[in-house]
Amino acid sequence: MKRRSDGRASSIVFNLRHRELQHRSRPYGRHSSACTPTWNSSTMNPSQHVELDAKRPLLQTLRSDRQDVYMSHGDSYEHQIPPFHVAFSEKRMHGTLLAVADEEGWVSLFATHDRKPRMLPPHHQACDHERPVSKFSAHQNAIFDLIWCSDDAHIATASGDQHLSVWDVETSAKLCHFEGHTMSVKCVRQMPGNPNVFASGSRDGNVFFWDTRHPYRAAGSSTSTLVQTFRPVESCLRCHDFYSPSSTSTDRRKKRRTSIPNAQRSVTCVEFTGDGHELISSGAVDGMVKFWDLRTLTSDNLKLTRSFSCLNPNGRRYGISSLTLDHTKTKLLVSAASNDIFLYDLLRFASTDPVATYHGHKNSSFY
């Protein structure tokens, strides 16, 4: 795929700043609807039911108009591309600038507050929807994760090409290039309080830590290059290996069969705790959520402070597709391949059981 950006850097900067000025003078509202989400809350205690009932009027107003639908396209806008990850800005445009990463390695930025009233036909086409204010080709493979960083001045991407990159939002220029993983990179996060440190997880089973204060320089390379390359400064290797009990069997054929899933030790997600002292990681096969003490980051091995597994009632172990912290950084939501979402209270150190379990959705993929 040929690398190019959609228009000149100066026009991208103008579009973003012009729309930010427009947004400051325009309120951003939500449409109302009678739609009501349905879920199973049988595991919730009475106080949680009261809290849910209090929020129900808000939930009933959630709606997506056809005007609020945005399409992800390739270079020519002739075909649609499946989006793999979306993330709203934290501060830019008051959190309404949407970054979309897709299967072909493109990053598109949509100004979601800038909706122009229009009458869409019943069978509307992709060309009827708003185009991104900026779009650029970031990788030659799918982008699995994307985060806003450095007060929304930059975007970091994790890709199936085994690399991570950091991009300037206004110019679409590539600033940093991280290399070291040997398989698809599934996730990337920035350490709270330290914008120089990133963590990433990959299908190779490793968690790497990167420090942008320490660029990598190969022998004979120039120090004046605009794009700096970085290698991991610390690592947690094969932190989600899982060995099936049947692998201890004396039957050689069974050993061969169990060695295949054991090789799939992918790290699916990483998250920093609110204070930045711990890193949370999840696995695709072992079904484990693990907490690592980053205060021992300079030692040979990170210290595992606690862990818990996501098991369904029959005791079967399911992989974890994603996890996220709430705004207080004290509640952890874990999405498992068992079609369950588990809610954990991180302040309950003595318990490894979820405080709530949610059902009603289908989770059949790690993408």
# chains A, B, ... in the order shown; residues from 1 in each chain; ligands from 1
>>> select_by_dssp(residues="region 60-198 of chain A", states="strand (DSSP E or B)", output="JSON, numbers by chain")
{"A": [73, 80, 83, 84, 85, 86, 87, 88, 97, 98, 99, 100, 101, 102, 106, 107, 108, 109, 110, 111, 134, 135, 136, 137, 143, 144, 145, 146, 147, 148, 149, 154, 155, 156, 157, 158, 159, 163, 164, 165, 166, 167, 168, 174, 175, 176, 177, 178, 179, 185, 186, 187, 188, 189, 190, 197, 198]}
>>> residues_around(residues="region 208-214 of chain A", least_positions_apart="4", cutoff="10 Å", atoms="only C-alpha atoms", output="PyMOL selection string")
chain A and resi 176-181+188-191+194-202+228-237+297
>>> select_by_dssp(residues="region 52-192 of chain A", states="alpha helix (DSSP H)", output="PyMOL selection string")
chain A and resi 52-60
>>> write_last_selection(atoms="C-alpha atoms", output="mmCIF file, in the first residue's frame")
data_model
loop_
_atom_site.group_PDB
_atom_site.id
_atom_site.type_symbol
_atom_site.label_atom_id
_atom_site.label_comp_id
_atom_site.auth_asym_id
_atom_site.auth_seq_id
_atom_site.Cartn_x
_atom_site.Cartn_y
_atom_site.Cartn_z
ATOM 1 C CA LEU A 52 -29.132 1.208 37.779
ATOM 2 C CA ASP A 53 -32.738 2.399 38.187
ATOM 3 C CA ALA A 54 -31.491 5.944 38.761
ATOM 4 C CA LYS A 55 -29.568 5.837 35.486
ATOM 5 C CA ARG A 56 -32.327 4.222 33.433
ATOM 6 C CA PRO A 57 -33.786 7.555 32.132
ATOM 7 C CA LEU A 58 -30.334 8.378 30.764
ATOM 8 C CA LEU A 59 -30.030 4.946 29.156
ATOM 9 C CA GLN A 60 -33.399 5.405 27.484
#
>>> closest_residue(among="A:Asp102, A:Asp275, A:Asp353, A:Asp286", to="Arg317 (chain A)", atoms="only C-alpha atoms")
A:Asp286
>>> residues_around(residues="region 330-336 of chain A", least_positions_apart="4", cutoff="8 Å", atoms="only C-alpha atoms", output="NGL selection string")
:A and (274 or 287 or 310 or 318-326 or 340-347 or 363)
>>> write_last_selection(atoms="C-alpha atoms", output="compact mmCIF listing (two decimals), in the first residue's frame")
# COMPACT_ATOMS: atom_id res chain seq x y z
CA GLY A 274 -4.54 5.07 38.31
CA GLY A 287 -8.09 -16.40 30.85
CA CYS A 310 -12.44 -15.50 34.43
CA TYR A 318 -12.19 -18.48 28.72
CA GLY A 319 -9.83 -16.04 27.07
CA ILE A 320 -10.15 -12.31 27.60
CA SER A 321 -10.71 -10.04 24.63
CA SER A 322 -10.44 -6.67 26.36
CA LEU A 323 -10.40 -4.86 29.68
CA THR A 324 -10.83 -1.25 30.74
CA LEU A 325 -10.88 0.88 33.88
CA ASP A 326 -13.68 3.27 34.78
CA ASP A 340 -19.73 -12.30 29.90
CA ILE A 341 -18.52 -8.92 31.10
CA PHE A 342 -17.15 -9.03 34.65
CA LEU A 343 -16.95 -6.01 36.93
CA TYR A 344 -14.21 -6.07 39.59
CA ASP A 345 -13.70 -3.69 42.48
CA LEU A 346 -9.94 -3.13 42.71
CA LEU A 347 -10.26 -1.79 46.26
CA ASN A 363 -18.20 -12.16 21.93
>>> residues_around(residues="region 280-284 of chain A", least_positions_apart="5", cutoff="6 Å", atoms="only C-alpha atoms", output="list in words")
His240, Ser266, Val267, Thr268, Cys269, Val270, Glu271, Val289, Lys290, Phe291, Gly319 and Ile320 of chain A
>>> write_last_selection(atoms="C-alpha atoms", output="compact mmCIF listing (two decimals), in the first residue's frame")
# COMPACT_ATOMS: atom_id res chain seq x y z
CA HIS A 240 0.40 -15.39 29.92
CA SER A 266 -1.26 -13.76 23.21
CA VAL A 267 -1.47 -10.75 25.49
CA THR A 268 -4.77 -9.12 24.56
CA CYS A 269 -4.77 -5.95 26.65
CA VAL A 270 -2.71 -3.89 29.09
CA GLU A 271 -3.84 -1.09 31.43
CA VAL A 289 -5.96 -10.99 34.62
CA LYS A 290 -2.59 -10.23 36.21
CA PHE A 291 -1.28 -7.27 38.18
CA GLY A 319 -9.83 -16.04 27.07
CA ILE A 320 -10.15 -12.31 27.60
>>> closest_residue(among="A:Ser309, A:Trp167, A:Arg131, A:Lys329", to="Pro192 (chain A)", atoms="only C-alpha atoms")
A:Lys329
>>> closest_residue(among="A:Gly205, A:Gly95, A:Arg306, A:Val169", to="Arg348 (chain A)", atoms="only C-alpha atoms")
A:Arg306
>>> residues_around(residues="Lys303 (chain A)", least_positions_apart="3", cutoff="7 Å", atoms="only C-alpha atoms", output="ChimeraX atom specification")
/A:292-293,296
>>> closest_residue(among="A:Ala87, A:Ala156, A:Cys149, A:Met71", to="Glu130 (chain A)", atoms="only C-alpha atoms")
A:Met71
>>> closest_residue(among="A:Arg92, A:Arg295, A:Glu104, A:Ala337", to="His359 (chain A)", atoms="only C-alpha atoms")
A:Ala337
